[in-house]
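upload.tsv (TSV, C-alpha atoms and all ligand atoms)
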```tsv
chain	number	residue	atom	x	y	z
A	1	MET	CA	17.66	12.50	-13.31
A	2	MET	CA	19.07	11.44	-9.96
A	3	PRO	CA	21.95	8.96	-9.95
A	4	ILE	CA	20.98	5.35	-10.22
A	5	GLU	CA	22.64	2.69	-8.13
A	6	LEU	CA	23.98	0.35	-10.75
A	7	LEU	CA	25.13	-2.93	-9.44
A	8	GLU	CA	28.46	-4.21	-10.66
A	9	LYS	CA	28.51	-6.72	-13.44
A	10	PRO	CA	29.17	-10.01	-11.63
A	11	GLN	CA	32.83	-11.09	-11.56
A	12	THR	CA	31.99	-14.63	-12.53
A	13	LEU	CA	29.09	-15.10	-14.88
A	14	GLN	CA	27.15	-18.24	-14.14
A	15	THR	CA	27.09	-20.65	-17.03
A	16	ARG	CA	23.80	-21.14	-18.79
A	17	SER	CA	21.36	-23.43	-17.08
A	18	ASN	CA	17.83	-24.41	-17.83
A	19	ALA	CA	16.85	-24.24	-14.16
A	20	PRO	CA	14.25	-21.56	-13.35
A	21	ALA	CA	15.84	-18.61	-11.55
A	22	HIS	CA	15.64	-18.51	-7.74
A	23	ASP	CA	16.93	-15.76	-5.51
A	24	ALA	CA	19.30	-16.22	-2.59
A	25	HIS	CA	16.28	-16.53	-0.27
A	26	GLY	CA	14.78	-19.46	-2.15
A	27	ARG	CA	12.03	-17.50	-3.86
A	28	ARG	CA	11.29	-18.52	-7.44
A	29	ILE	CA	11.13	-15.37	-9.55
A	30	ASN	CA	8.97	-15.91	-12.61
A	31	TYR	CA	6.96	-12.71	-13.06
A	32	LEU	CA	8.21	-9.64	-14.93
A	33	ARG	CA	6.41	-6.31	-14.98
A	34	ILE	CA	7.52	-4.26	-17.96
A	35	SER	CA	7.08	-0.51	-17.93
A	36	LEU	CA	6.56	0.38	-21.60
A	37	THR	CA	6.83	4.12	-21.03
A	38	ASP	CA	7.30	6.50	-18.11
A	39	ARG	CA	4.78	8.90	-19.67
A	40	CYS	CA	1.10	9.10	-18.83
A	41	ASN	CA	-2.06	10.84	-19.94
A	42	PHE	CA	-3.12	11.21	-16.26
A	43	ARG	CA	-1.29	12.75	-13.32
A	44	CYS	CA	-2.74	10.80	-10.39
A	45	PHE	CA	-1.79	12.79	-7.31
A	46	TYR	CA	-0.49	9.70	-5.43
A	47	CYS	CA	1.70	8.66	-8.39
A	48	MET	CA	3.16	11.74	-10.06
A	49	PRO	CA	3.79	15.30	-8.92
A	50	GLU	CA	1.71	17.85	-10.82
A	51	TRP	CA	4.71	19.73	-12.18
A	52	GLY	CA	8.34	19.10	-12.89
A	53	MET	CA	8.16	15.54	-14.22
A	54	GLN	CA	11.14	14.69	-16.39
A	55	PHE	CA	10.63	11.89	-18.85
A	56	ALA	CA	13.28	9.69	-20.40
A	57	PRO	CA	14.25	10.85	-23.90
A	58	LYS	CA	13.09	8.43	-26.58
A	59	PRO	CA	16.56	7.09	-27.49
A	60	GLU	CA	16.91	5.88	-23.89
A	61	LEU	CA	13.80	3.70	-24.12
A	62	LEU	CA	14.10	0.09	-25.14
A	63	THR	CA	12.88	-0.47	-28.68
A	64	ASN	CA	10.35	-3.17	-29.48
A	65	ALA	CA	13.12	-5.35	-30.93
A	66	GLU	CA	15.19	-4.96	-27.74
A	67	LEU	CA	12.19	-5.75	-25.57
A	68	ILE	CA	11.29	-8.84	-27.55
A	69	ARG	CA	14.86	-10.14	-27.37
A	70	LEU	CA	14.95	-9.50	-23.63
A	71	VAL	CA	11.64	-11.26	-23.03
A	72	ARG	CA	12.93	-14.28	-24.95
A	73	ILE	CA	16.01	-14.42	-22.72
A	74	MET	CA	13.98	-13.79	-19.56
A	75	ALA	CA	11.75	-16.72	-20.54
A	76	GLN	CA	14.86	-18.90	-20.77
A	77	THR	CA	15.65	-18.03	-17.16
A	78	GLY	CA	12.20	-19.15	-16.04
A	79	PHE	CA	10.08	-16.00	-16.31
A	80	GLU	CA	6.60	-17.12	-17.35
A	81	LYS	CA	4.25	-14.25	-16.68
A	82	ILE	CA	4.58	-10.77	-18.15
A	83	ARG	CA	2.57	-7.69	-17.20
A	84	LEU	CA	2.73	-4.57	-19.36
A	85	THR	CA	2.45	-1.36	-17.42
A	86	GLY	CA	3.85	2.16	-17.38
A	87	GLY	CA	3.32	5.10	-17.06
A	88	GLU	CA	0.42	4.36	-19.31
A	89	PRO	CA	1.11	1.34	-21.55
A	90	THR	CA	-1.60	2.24	-24.08
A	91	LEU	CA	0.53	5.25	-25.07
A	92	ARG	CA	3.14	2.90	-26.51
A	93	ARG	CA	3.10	2.78	-30.30
A	94	ASP	CA	2.49	-0.63	-31.81
A	95	LEU	CA	1.25	-2.01	-28.50
A	96	VAL	CA	-0.78	-4.67	-30.31
A	97	GLY	CA	2.26	-5.93	-32.24
A	98	LEU	CA	4.35	-5.99	-29.07
A	99	VAL	CA	1.69	-7.97	-27.20
A	100	GLU	CA	1.54	-10.47	-30.04
A	101	ALA	CA	5.31	-10.96	-30.10
A	102	ILE	CA	5.54	-11.37	-26.32
A	103	ALA	CA	2.56	-13.72	-26.16
A	104	ASN	CA	4.17	-15.90	-28.84
A	105	THR	CA	7.49	-16.15	-27.00
A	106	PRO	CA	8.21	-19.75	-26.01
A	107	GLY	CA	7.92	-20.15	-22.23
A	108	ILE	CA	5.63	-17.15	-21.69
A	109	SER	CA	2.31	-18.46	-20.40
A	110	GLU	CA	0.47	-15.21	-19.74
A	111	VAL	CA	0.60	-11.58	-20.86
A	112	SER	CA	-1.54	-9.09	-18.94
A	113	MET	CA	-1.66	-5.31	-18.65
A	114	THR	CA	-2.34	-2.64	-16.03
A	115	THR	CA	-3.90	0.48	-17.53
A	116	ASN	CA	-5.91	3.56	-16.67
A	117	ALA	CA	-8.21	2.47	-19.56
A	118	LEU	CA	-8.69	5.96	-20.99
A	119	LEU	CA	-7.58	4.75	-24.42
A	120	LEU	CA	-8.55	1.10	-24.01
A	121	ALA	CA	-12.01	0.88	-25.60
A	122	PRO	CA	-10.97	1.08	-29.28
A	123	ILE	CA	-8.11	-1.42	-28.92
A	124	ALA	CA	-9.40	-3.92	-26.34
A	125	GLN	CA	-10.49	-6.51	-28.92
A	126	GLN	CA	-7.27	-6.15	-30.96
A	127	LEU	CA	-5.24	-6.67	-27.79
A	128	ALA	CA	-7.24	-9.75	-26.88
A	129	ASP	CA	-6.83	-11.13	-30.41
A	130	ALA	CA	-3.08	-10.51	-30.15
A	131	GLY	CA	-2.86	-12.69	-27.04
A	132	LEU	CA	-3.43	-10.34	-24.08
A	133	LYS	CA	-5.16	-12.43	-21.38
A	134	ARG	CA	-6.34	-9.95	-18.75
A	135	VAL	CA	-6.27	-6.32	-17.71
A	136	ASN	CA	-6.20	-4.54	-14.37
A	137	ILE	CA	-7.83	-1.12	-14.54
A	138	SER	CA	-7.25	1.70	-12.09
A	139	ILE	CA	-10.37	3.40	-10.79
A	140	ASP	CA	-10.10	5.40	-7.59
A	141	SER	CA	-13.52	7.01	-7.50
A	142	LEU	CA	-17.04	6.53	-8.90
A	143	ASN	CA	-17.67	10.24	-8.81
A	144	PRO	CA	-16.67	11.96	-12.09
A	145	GLU	CA	-15.57	15.15	-10.35
A	146	SER	CA	-13.46	13.38	-7.69
A	147	PHE	CA	-12.04	11.13	-10.39
A	148	ARG	CA	-11.02	14.18	-12.38
A	149	LYS	CA	-9.34	15.70	-9.32
A	150	ILE	CA	-7.52	12.53	-8.29
A	151	THR	CA	-6.22	11.88	-11.80
A	152	ARG	CA	-5.79	15.62	-12.54
A	153	GLY	CA	-7.98	15.59	-15.62
A	154	GLY	CA	-9.19	12.01	-16.17
A	155	ASP	CA	-12.55	11.35	-17.81
A	156	LEU	CA	-14.46	8.66	-15.89
A	157	THR	CA	-16.92	8.08	-18.77
A	158	ARG	CA	-14.13	7.00	-21.08
A	159	VAL	CA	-12.63	4.79	-18.38
A	160	TRP	CA	-16.01	3.05	-17.95
A	161	ALA	CA	-16.12	2.54	-21.71
A	162	GLY	CA	-12.68	0.92	-21.40
A	163	ILE	CA	-13.90	-1.36	-18.60
A	164	GLU	CA	-16.92	-2.45	-20.66
A	165	ALA	CA	-14.79	-3.02	-23.76
A	166	ALA	CA	-12.32	-5.10	-21.76
A	167	GLU	CA	-15.15	-7.27	-20.48
A	168	GLN	CA	-16.62	-7.72	-23.94
A	169	ALA	CA	-13.23	-8.63	-25.36
A	170	GLY	CA	-12.82	-11.32	-22.69
A	171	LEU	CA	-9.85	-9.66	-20.95
A	172	THR	CA	-11.07	-11.32	-17.78
A	173	PRO	CA	-11.22	-11.88	-14.85
A	174	LEU	CA	-11.15	-8.13	-14.69
A	175	LYS	CA	-9.40	-6.55	-11.72
A	176	LEU	CA	-10.06	-2.97	-10.70
A	177	ASN	CA	-7.40	-1.17	-8.65
A	178	CYS	CA	-8.18	1.57	-6.16
A	179	VAL	CA	-5.39	3.29	-4.23
A	180	VAL	CA	-7.10	4.37	-1.04
A	181	VAL	CA	-5.95	7.68	0.43
A	182	ARG	CA	-7.31	8.91	3.76
A	183	GLY	CA	-9.57	11.93	3.41
A	184	VAL	CA	-9.62	11.69	-0.40
A	185	ASN	CA	-11.49	8.55	-1.46
A	186	ASP	CA	-11.74	6.35	1.65
A	187	HIS	CA	-15.42	7.32	1.94
A	188	GLU	CA	-16.05	5.59	-1.42
A	189	VAL	CA	-14.80	2.17	-0.39
A	190	LEU	CA	-18.27	0.73	0.31
A	191	ASP	CA	-19.59	1.91	-3.07
A	192	LEU	CA	-16.59	0.45	-4.86
A	193	ALA	CA	-16.95	-2.84	-2.95
A	194	ARG	CA	-20.65	-2.91	-3.88
A	195	LEU	CA	-19.71	-3.15	-7.58
A	196	THR	CA	-18.69	-6.76	-7.00
A	197	ILE	CA	-22.19	-7.84	-5.97
A	198	ASP	CA	-23.47	-7.83	-9.57
A	199	LYS	CA	-20.21	-7.97	-11.51
A	200	PRO	CA	-17.66	-10.81	-11.62
A	201	TRP	CA	-14.81	-8.37	-11.03
A	202	GLN	CA	-12.12	-8.33	-8.38
A	203	MET	CA	-12.10	-4.91	-6.72
A	204	ARG	CA	-8.70	-4.37	-5.14
A	205	PHE	CA	-7.88	-1.82	-2.49
A	206	ILE	CA	-4.22	-0.81	-2.37
A	207	GLU	CA	-2.40	0.91	0.48
A	208	VAL	CA	-0.69	4.04	-0.83
A	209	MET	CA	3.10	3.74	-0.93
A	210	PRO	CA	5.75	6.47	-0.51
A	211	LEU	CA	7.34	6.54	-3.96
A	212	VAL	CA	9.64	9.30	-5.16
A	213	GLY	CA	7.88	12.60	-5.88
A	214	VAL	CA	4.74	11.75	-3.88
A	215	ALA	CA	6.10	10.34	-0.62
A	216	GLU	CA	4.22	12.90	1.45
A	217	VAL	CA	0.87	11.49	0.23
A	218	ALA	CA	1.64	8.31	2.13
A	219	ASP	CA	2.78	10.15	5.29
A	220	ASN	CA	-0.77	10.54	6.63
A	221	GLY	CA	-2.69	8.91	3.78
A	222	VAL	CA	-2.34	5.18	4.39
A	223	VAL	CA	-5.58	3.49	5.37
A	224	PRO	CA	-4.63	0.02	6.68
A	225	SER	CA	-6.39	-2.81	4.87
A	226	ASN	CA	-7.71	-4.24	8.14
A	227	GLN	CA	-9.65	-1.04	8.70
A	228	LEU	CA	-11.28	-1.34	5.26
A	229	ILE	CA	-12.02	-5.03	5.76
A	230	ALA	CA	-13.78	-4.27	9.07
A	231	GLN	CA	-15.77	-1.46	7.46
A	232	ILE	CA	-16.90	-3.58	4.51
A	233	GLU	CA	-17.66	-6.56	6.75
A	234	ALA	CA	-19.87	-4.40	8.98
A	235	GLU	CA	-21.88	-3.30	5.94
A	236	PHE	CA	-22.16	-6.47	3.85
A	237	GLY	CA	-20.55	-9.36	5.76
A	238	LEU	CA	-17.40	-10.92	4.28
A	239	ASP	CA	-16.11	-14.42	3.56
A	240	PHE	CA	-12.35	-14.89	3.61
A	241	LEU	CA	-11.15	-16.70	0.47
A	242	GLY	CA	-7.40	-16.80	0.71
A	243	TRP	CA	-4.11	-15.43	1.91
A	244	TYR	CA	-1.34	-14.33	-0.42
A	245	GLY	CA	-0.11	-16.80	-2.95
A	246	ALA	CA	1.69	-15.49	-5.98
A	247	ASP	CA	-0.89	-12.67	-5.95
A	248	PRO	CA	-0.18	-10.00	-3.33
A	249	ALA	CA	-3.89	-9.51	-2.63
A	250	ARG	CA	-5.69	-11.12	0.30
A	251	THR	CA	-9.06	-12.06	-1.15
A	252	TYR	CA	-12.55	-11.87	0.32
A	253	GLN	CA	-16.08	-12.01	-1.00
A	254	ILE	CA	-19.33	-10.39	-0.01
A	255	PRO	CA	-21.66	-13.36	0.64
A	256	GLY	CA	-23.54	-14.19	-2.58
A	257	ALA	CA	-21.59	-11.67	-4.66
A	258	GLN	CA	-20.44	-12.49	-8.19
A	259	GLY	CA	-17.08	-10.81	-7.78
A	260	LYS	CA	-14.36	-10.66	-5.16
A	261	LEU	CA	-12.47	-8.16	-3.09
A	262	GLY	CA	-8.68	-7.96	-2.83
A	263	PHE	CA	-6.56	-6.08	-0.32
A	264	ILE	CA	-2.94	-5.20	-1.06
A	265	SER	CA	-1.27	-4.26	2.19
A	266	SER	CA	2.29	-3.34	1.21
A	267	ILE	CA	2.61	-1.06	4.23
A	268	SER	CA	0.66	-2.71	7.06
A	269	ASP	CA	1.39	-6.34	6.13
A	270	PRO	CA	4.15	-6.71	3.50
A	271	PHE	CA	4.12	-9.84	1.37
A	272	CYS	CA	7.87	-9.93	0.69
A	273	ALA	CA	8.17	-13.62	1.63
A	274	THR	CA	6.06	-14.63	-1.36
A	275	CYS	CA	7.39	-12.02	-3.79
A	276	ASN	CA	7.89	-13.59	-7.22
A	277	ARG	CA	8.46	-10.50	-9.34
A	278	MET	CA	10.92	-8.03	-10.80
A	279	ARG	CA	10.40	-4.91	-12.86
A	280	LEU	CA	11.92	-3.73	-16.11
A	281	THR	CA	11.91	0.05	-16.52
A	282	ALA	CA	11.22	1.60	-19.91
A	283	ASP	CA	14.91	2.58	-20.10
A	284	GLY	CA	16.06	-0.99	-19.63
A	285	LYS	CA	16.96	-1.32	-15.94
A	286	LEU	CA	15.98	-4.41	-14.02
A	287	HIS	CA	14.55	-3.01	-10.78
A	288	LEU	CA	14.83	-5.61	-8.06
A	289	CYS	CA	12.30	-4.47	-5.43
A	290	LEU	CA	9.54	-1.88	-5.86
A	291	LEU	CA	10.43	-0.07	-2.65
A	292	ARG	CA	14.23	-0.18	-2.91
A	293	ASP	CA	16.64	1.50	-5.33
A	294	ASN	CA	18.70	-1.50	-6.47
A	295	GLU	CA	18.85	-1.83	-10.24
A	296	LEU	CA	20.88	-3.63	-12.83
A	297	ASP	CA	21.43	-2.12	-16.27
A	298	LEU	CA	20.36	-4.49	-19.04
A	299	ARG	CA	20.24	-1.82	-21.74
A	300	ALA	CA	24.01	-1.39	-21.70
A	301	ALA	CA	24.45	-5.11	-22.30
A	302	LEU	CA	21.71	-5.15	-24.94
A	303	ARG	CA	23.25	-2.25	-26.85
A	304	GLY	CA	26.83	-3.35	-26.27
A	305	SER	CA	28.29	-6.59	-27.39
A	306	GLY	CA	26.41	-8.69	-24.81
A	307	SER	CA	25.53	-12.13	-26.13
A	308	ASP	CA	22.28	-13.86	-25.16
A	309	GLU	CA	24.30	-16.04	-22.77
A	310	GLU	CA	25.81	-12.98	-21.05
A	311	LEU	CA	22.43	-11.33	-20.74
A	312	GLU	CA	20.98	-14.50	-19.26
A	313	ALA	CA	23.82	-14.63	-16.73
A	314	LEU	CA	23.19	-10.98	-15.80
A	315	ILE	CA	19.49	-11.69	-15.31
A	316	ARG	CA	20.22	-14.74	-13.15
A	317	HIS	CA	22.63	-12.63	-11.10
A	318	ALA	CA	19.97	-9.92	-10.67
A	319	VAL	CA	17.47	-12.53	-9.51
A	320	TRP	CA	20.01	-14.01	-7.09
A	321	ILE	CA	20.69	-10.66	-5.38
A	322	LYS	CA	17.04	-9.56	-5.19
A	323	PRO	CA	16.66	-7.93	-1.75
A	324	TRP	CA	14.69	-9.90	0.82
A	325	GLY	CA	12.18	-7.17	1.56
A	326	HIS	CA	11.58	-3.47	1.65
A	327	GLY	CA	12.99	-1.17	4.30
A	328	LEU	CA	9.99	1.00	5.17
A	329	PRO	CA	9.76	-0.36	8.75
A	330	ASP	CA	13.37	0.86	9.22
A	331	GLY	CA	12.64	4.22	7.62
A	332	VAL	CA	14.35	3.33	4.32
A	333	LYS	CA	12.34	4.84	1.45
A	334	PRO	CA	13.04	4.61	-2.27
A	335	THR	CA	14.98	7.61	-3.58
A	336	VAL	CA	15.47	7.05	-7.29
A	337	ARG	CA	12.32	6.14	-9.21
A	338	GLY	CA	8.71	7.23	-9.10
A	339	MET	CA	5.82	4.80	-9.43
A	340	SER	CA	5.15	5.97	-12.99
A	341	GLU	CA	8.61	4.65	-13.94
A	342	LEU	CA	8.17	1.36	-12.10
A	343	GLY	CA	4.65	0.43	-13.08
A	344	GLY	CA	3.21	-0.51	-9.69
B	1	LIG	N1	-1.13	3.83	-15.71
B	1	LIG	C1	-1.53	2.51	-15.37
B	1	LIG	C2	-2.54	2.51	-14.26
B	1	LIG	O1	-2.67	3.52	-13.58
B	1	LIG	O2	-3.19	1.50	-14.06
B	1	LIG	C3	-0.37	1.60	-15.02
B	1	LIG	C4	0.76	2.20	-14.22
B	1	LIG	S1	0.35	2.56	-12.54
B	1	LIG	C5	1.88	3.17	-11.95
B	1	LIG	C6	0.19	0.94	-11.86
B	1	LIG	C7	-0.55	0.87	-10.54
B	1	LIG	O3	0.21	1.55	-9.55
B	1	LIG	C8	-1.92	1.50	-10.57
B	1	LIG	O4	-2.89	0.57	-10.13
B	1	LIG	C9	-1.79	2.64	-9.61
B	1	LIG	O5	-3.00	2.90	-8.95
B	1	LIG	C10	-0.72	2.15	-8.66
B	1	LIG	N2	-0.03	3.21	-7.93
B	1	LIG	C11	0.46	4.37	-8.42
B	1	LIG	N3	1.04	5.10	-7.43
B	1	LIG	C12	0.90	4.38	-6.28
B	1	LIG	C13	1.30	4.60	-4.93
B	1	LIG	N4	1.94	5.71	-4.55
B	1	LIG	N5	1.00	3.63	-4.02
B	1	LIG	C14	0.34	2.50	-4.39
B	1	LIG	N6	-0.04	2.24	-5.66
B	1	LIG	C15	0.22	3.17	-6.60
B	2	LIG	FE1	-0.62	7.51	-14.82
B	2	LIG	FE2	-1.15	5.17	-13.76
B	2	LIG	FE3	0.42	6.91	-12.46
B	2	LIG	FE4	-2.16	7.44	-12.69
B	2	LIG	S1	-1.27	5.71	-11.59
B	2	LIG	S2	-0.47	8.88	-13.11
B	2	LIG	S3	-2.67	6.58	-14.64
B	2	LIG	S4	0.89	5.91	-14.34
```
Would it be possible to restate this file's structure as C-alpha cells?
Amino acid sequence: MMPIELLEKPQTLQTRSNAPAHDAHGRRINYLRISLTDRCNFRCFYCMPEWGMQFAPKPELLTNAELIRLVRIMAQTGFEKIRLTGGEPTLRRDLVGLVEAIANTPGISEVSMTTNALLLAPIAQQLADAGLKRVNISIDSLNPESFRKITRGGDLTRVWAGIEAAEQAGLTPLKLNCVVVRGVNDHEVLDLARLTIDKPWQMRFIEVMPLVGVAEVADNGVVPSNQLIAQIEAEFGLDFLGWYGADPARTYQIPGAQGKLGFISSISDPFCATCNRMRLTADGKLHLCLLRDNELDLRAALRGSGSDEELEALIRHAVWIKPWGHGLPDGVKPTVRGMSELGG
C-alpha cells in the first residue's frame, strides 16, 4: 500500500470537554461514516479498478470491540450520526450485532447504512430490529445488462429484492444513489428520475469523483448536476425544495411525485462550507476530507496504551485540523485511498 500521511500526535492534548467538536473553520462535525471493510462483492468501474486491488489483511481491521469503544468515545466528542459503509458493509460478519451495539451507544441518535443491497434482502428486518434507521442503496442502471457491466457482475434482480426488503422493513426514507458517468448511464437519468413519481424514494444523482485507481473515469465522465436538472425539468417539470443543509444533496421534486430527487455536485458545486462529516477507514484511520489524503491513526492509540481521554483528545485534534475544502479546483487529487476504502 502507498504511504499514508499520518499527522503528528498533537504536542498538547486538549483536556476533556463536553463541548461538541468544531473544526478551526467553525463547522460542527457530528457525522461519522465508518467503512466496515475495504472488500466488495461488486467492482463498480467508477469505484475500483478491475484488477490489482489489494485489501487490508484482517489483523489490520478494527475489531467489533475496537469499533464499539471508538464509537462511544466519538459520541462523547459530539458525533451523533453514524453511517456504516465500505467496501460493502453487508460483508462484515456480525453486522446485526454491531448495528445493535452502535445504536445503543449513548449520544448516537441515528445509525444508517450505504449498501449495494446484493445481500440485503435476508437481513433487512434483522438490521431494522437491531436499530438501523435507514439505508441508501446504489443503483446506477435499470437495465440488467448495463448494471452487470457497470458493477462488473452485479445482479439487478437481487438488488431490487434488497430495495423491496428495505422498504418492507421500514428502513426509510429510502435513498437510491446513482453515480452518473457520461456515455455510460447518463441516458438513463430520466428513467431513474421517473421512479420517484410512484415511490416515496429519494433518487440521488452523484457527480463522479476522481478517487485513487479510477481517476481517469472522472476525467471526461463528469456530468454536471445542472445539466441533469435541466434535462429532467424539460421532461417532467421540477420544484426546488432546498439547498444543502447537513445533507450534501440539493433536493427537487417532480410536481405531484411521491418521492424526491437529490443532486450531489461535489465537482461542479462543492458543499465544503456545510461539511459536517469525517470518515473512519476499516483499518482505523480517521480520514479528514474525502478528496484529500490527511489522516490520523486511531488504531495505534486503540491498540497501544491510549486511554479513552487520550483518544478523545486525538479525535478533537483531528476535527480541529479538518481541511477547509478539497483541492480539485487547484488540480490537487487524492493519492492514497480509493473510494472503496473511504465509503463515499
Ligand atoms: N458498497 C456500498 C455501495 O456501493 O453503496 C457502499 C460503499 S460505496 C464506496 C458508497 C458510495 O460511493 C456509493 O453510493 C457509490 O456509488 C459511491 N461512489 C463510489 N465511487 C465513486 C466515485 N468515483 N465518485 C462518486 N461516488 C462514488
Ligand atoms: Fe463496491 Fe460500492 Fe464500490 Fe460498487 S461502489 S465497487 S458496490 S464499494
Can you measure atom CA of Pro248 of chain A to atom CA of Gly344 of chain A for me? One decimal in Å is fine.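 Calculated distance between atom CA of Pro248 of chain A and atom CA of Gly344 of chain A is 11.9 Å.
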Place a sphere of radius 9 Å on (-0.1, -4.9, -29.9) in the file coordinates and name every protein, DNA or RNA residue with an atom inside or on its surface, counting only C-alpha atoms; give the answer as a PyMOL selection string. chain A and resi 93-101+123+126-127+130-132
Surroundings of ligand LIG 1 (chain B) up to 7 Å, based on only C-alpha atoms and all ligand atoms, as a list in words: Cys40, Tyr46, Cys47, Thr85, Gly86, Gly87, Glu88, Pro89, Thr114, Thr115, Asn116, Asn136, Ile137, Ser138, Asn177, Cys178, Val179, Ile206, Glu207, Val208, Met209, Pro210, Leu211, Val214, Met339, Ser340, Leu342, Gly343 and Gly344 of chain A
Centre, x/y/z edge lengths, axis-aligned box for ligand LIG 2 (chain B) with 4 Å per side, as AutoDock Vina command-line options:
```
--center_x -0.9 --center_y 7.0 --center_z -13.2 --size_x 11.6 --size_y 11.7 --size_z 11.2
```
Smallest atom-to-atom distance to Gln54 of chain A: which of A:Ile321, A:Arg39, A:Thr157, A:Ala165, using all atoms listed in the file? A:Arg39
Working from the structure I just supplied, which lacks atoms in segment 122-143 of chain A, can you model N, CA and C atoms there and output them as a PDB file, in the coordinates of the input?
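File produced: part.pdb:
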```
ATOM      1  N   PRO A 122     -11.108   1.412 -27.855  1.00  0.00           N
ATOM      2  CA  PRO A 122     -10.970   1.080 -29.280  1.00  0.00           C
ATOM      3  C   PRO A 122      -9.988  -0.053 -29.569  1.00  0.00           C
ATOM      4  N   ILE A 123      -9.131  -0.404 -28.607  1.00  0.00           N
ATOM      5  CA  ILE A 123      -8.110  -1.420 -28.920  1.00  0.00           C
ATOM      6  C   ILE A 123      -8.263  -2.708 -28.103  1.00  0.00           C
ATOM      7  N   ALA A 124      -9.283  -2.759 -27.242  1.00  0.00           N
ATOM      8  CA  ALA A 124      -9.400  -3.920 -26.340  1.00  0.00           C
ATOM      9  C   ALA A 124      -9.487  -5.231 -27.129  1.00  0.00           C
ATOM     10  N   GLN A 125     -10.323  -5.257 -28.166  1.00  0.00           N
ATOM     11  CA  GLN A 125     -10.490  -6.510 -28.920  1.00  0.00           C
ATOM     12  C   GLN A 125      -9.205  -6.884 -29.666  1.00  0.00           C
ATOM     13  N   GLN A 126      -8.546  -5.862 -30.257  1.00  0.00           N
ATOM     14  CA  GLN A 126      -7.270  -6.150 -30.960  1.00  0.00           C
ATOM     15  C   GLN A 126      -6.236  -6.726 -30.001  1.00  0.00           C
ATOM     16  N   LEU A 127      -6.209  -6.177 -28.778  1.00  0.00           N
ATOM     17  CA  LEU A 127      -5.240  -6.670 -27.790  1.00  0.00           C
ATOM     18  C   LEU A 127      -5.558  -8.112 -27.410  1.00  0.00           C
ATOM     19  N   ALA A 128      -6.851  -8.382 -27.226  1.00  0.00           N
ATOM     20  CA  ALA A 128      -7.240  -9.750 -26.880  1.00  0.00           C
ATOM     21  C   ALA A 128      -6.882 -10.704 -28.014  1.00  0.00           C
ATOM     22  N   ASP A 129      -7.145 -10.273 -29.250  1.00  0.00           N
ATOM     23  CA  ASP A 129      -6.830 -11.130 -30.410  1.00  0.00           C
ATOM     24  C   ASP A 129      -5.321 -11.369 -30.518  1.00  0.00           C
ATOM     25  N   ALA A 130      -4.540 -10.379 -30.055  1.00  0.00           N
ATOM     26  CA  ALA A 130      -3.080 -10.510 -30.150  1.00  0.00           C
ATOM     27  C   ALA A 130      -2.515 -11.408 -29.055  1.00  0.00           C
ATOM     28  N   GLY A 131      -3.356 -11.760 -28.066  1.00  0.00           N
ATOM     29  CA  GLY A 131      -2.860 -12.690 -27.040  1.00  0.00           C
ATOM     30  C   GLY A 131      -2.866 -12.130 -25.634  1.00  0.00           C
ATOM     31  N   LEU A 132      -3.344 -10.872 -25.454  1.00  0.00           N
ATOM     32  CA  LEU A 132      -3.430 -10.340 -24.080  1.00  0.00           C
ATOM     33  C   LEU A 132      -4.518 -11.131 -23.348  1.00  0.00           C
ATOM     34  N   LYS A 133      -4.195 -11.584 -22.107  1.00  0.00           N
ATOM     35  CA  LYS A 133      -5.160 -12.430 -21.380  1.00  0.00           C
ATOM     36  C   LYS A 133      -6.099 -11.596 -20.498  1.00  0.00           C
ATOM     37  N   ARG A 134      -5.528 -10.642 -19.762  1.00  0.00           N
ATOM     38  CA  ARG A 134      -6.340  -9.950 -18.750  1.00  0.00           C
ATOM     39  C   ARG A 134      -5.860  -8.513 -18.626  1.00  0.00           C
ATOM     40  N   VAL A 135      -6.715  -7.663 -18.068  1.00  0.00           N
ATOM     41  CA  VAL A 135      -6.270  -6.320 -17.710  1.00  0.00           C
ATOM     42  C   VAL A 135      -6.671  -5.985 -16.265  1.00  0.00           C
ATOM     43  N   ASN A 136      -5.848  -5.184 -15.632  1.00  0.00           N
ATOM     44  CA  ASN A 136      -6.200  -4.540 -14.370  1.00  0.00           C
ATOM     45  C   ASN A 136      -6.409  -3.067 -14.701  1.00  0.00           C
ATOM     46  N   ILE A 137      -7.499  -2.512 -14.213  1.00  0.00           N
ATOM     47  CA  ILE A 137      -7.830  -1.120 -14.540  1.00  0.00           C
ATOM     48  C   ILE A 137      -7.916  -0.301 -13.262  1.00  0.00           C
ATOM     49  N   SER A 138      -7.252   0.843 -13.273  1.00  0.00           N
ATOM     50  CA  SER A 138      -7.250   1.700 -12.090  1.00  0.00           C
ATOM     51  C   SER A 138      -8.497   2.557 -12.071  1.00  0.00           C
ATOM     52  N   ILE A 139      -9.192   2.534 -10.939  1.00  0.00           N
ATOM     53  CA  ILE A 139     -10.370   3.400 -10.790  1.00  0.00           C
ATOM     54  C   ILE A 139     -10.472   3.742  -9.302  1.00  0.00           C
ATOM     55  N   ASP A 140     -10.220   4.994  -8.987  1.00  0.00           N
ATOM     56  CA  ASP A 140     -10.100   5.400  -7.590  1.00  0.00           C
ATOM     57  C   ASP A 140     -11.337   6.093  -7.055  1.00  0.00           C
ATOM     58  N   SER A 141     -12.303   6.342  -7.940  1.00  0.00           N
ATOM     59  CA  SER A 141     -13.520   7.010  -7.500  1.00  0.00           C
ATOM     60  C   SER A 141     -14.632   6.717  -8.503  1.00  0.00           C
ATOM     61  N   LEU A 142     -15.884   6.699  -8.009  1.00  0.00           N
ATOM     62  CA  LEU A 142     -17.040   6.530  -8.900  1.00  0.00           C
ATOM     63  C   LEU A 142     -17.690   7.871  -9.192  1.00  0.00           C
ATOM     64  N   ASN A 143     -17.120   8.901  -8.621  1.00  0.00           N
ATOM     65  CA  ASN A 143     -17.670  10.240  -8.810  1.00  0.00           C
ATOM     66  C   ASN A 143     -16.834  10.967  -9.868  1.00  0.00           C
TER      67      ASN A 143
END
```
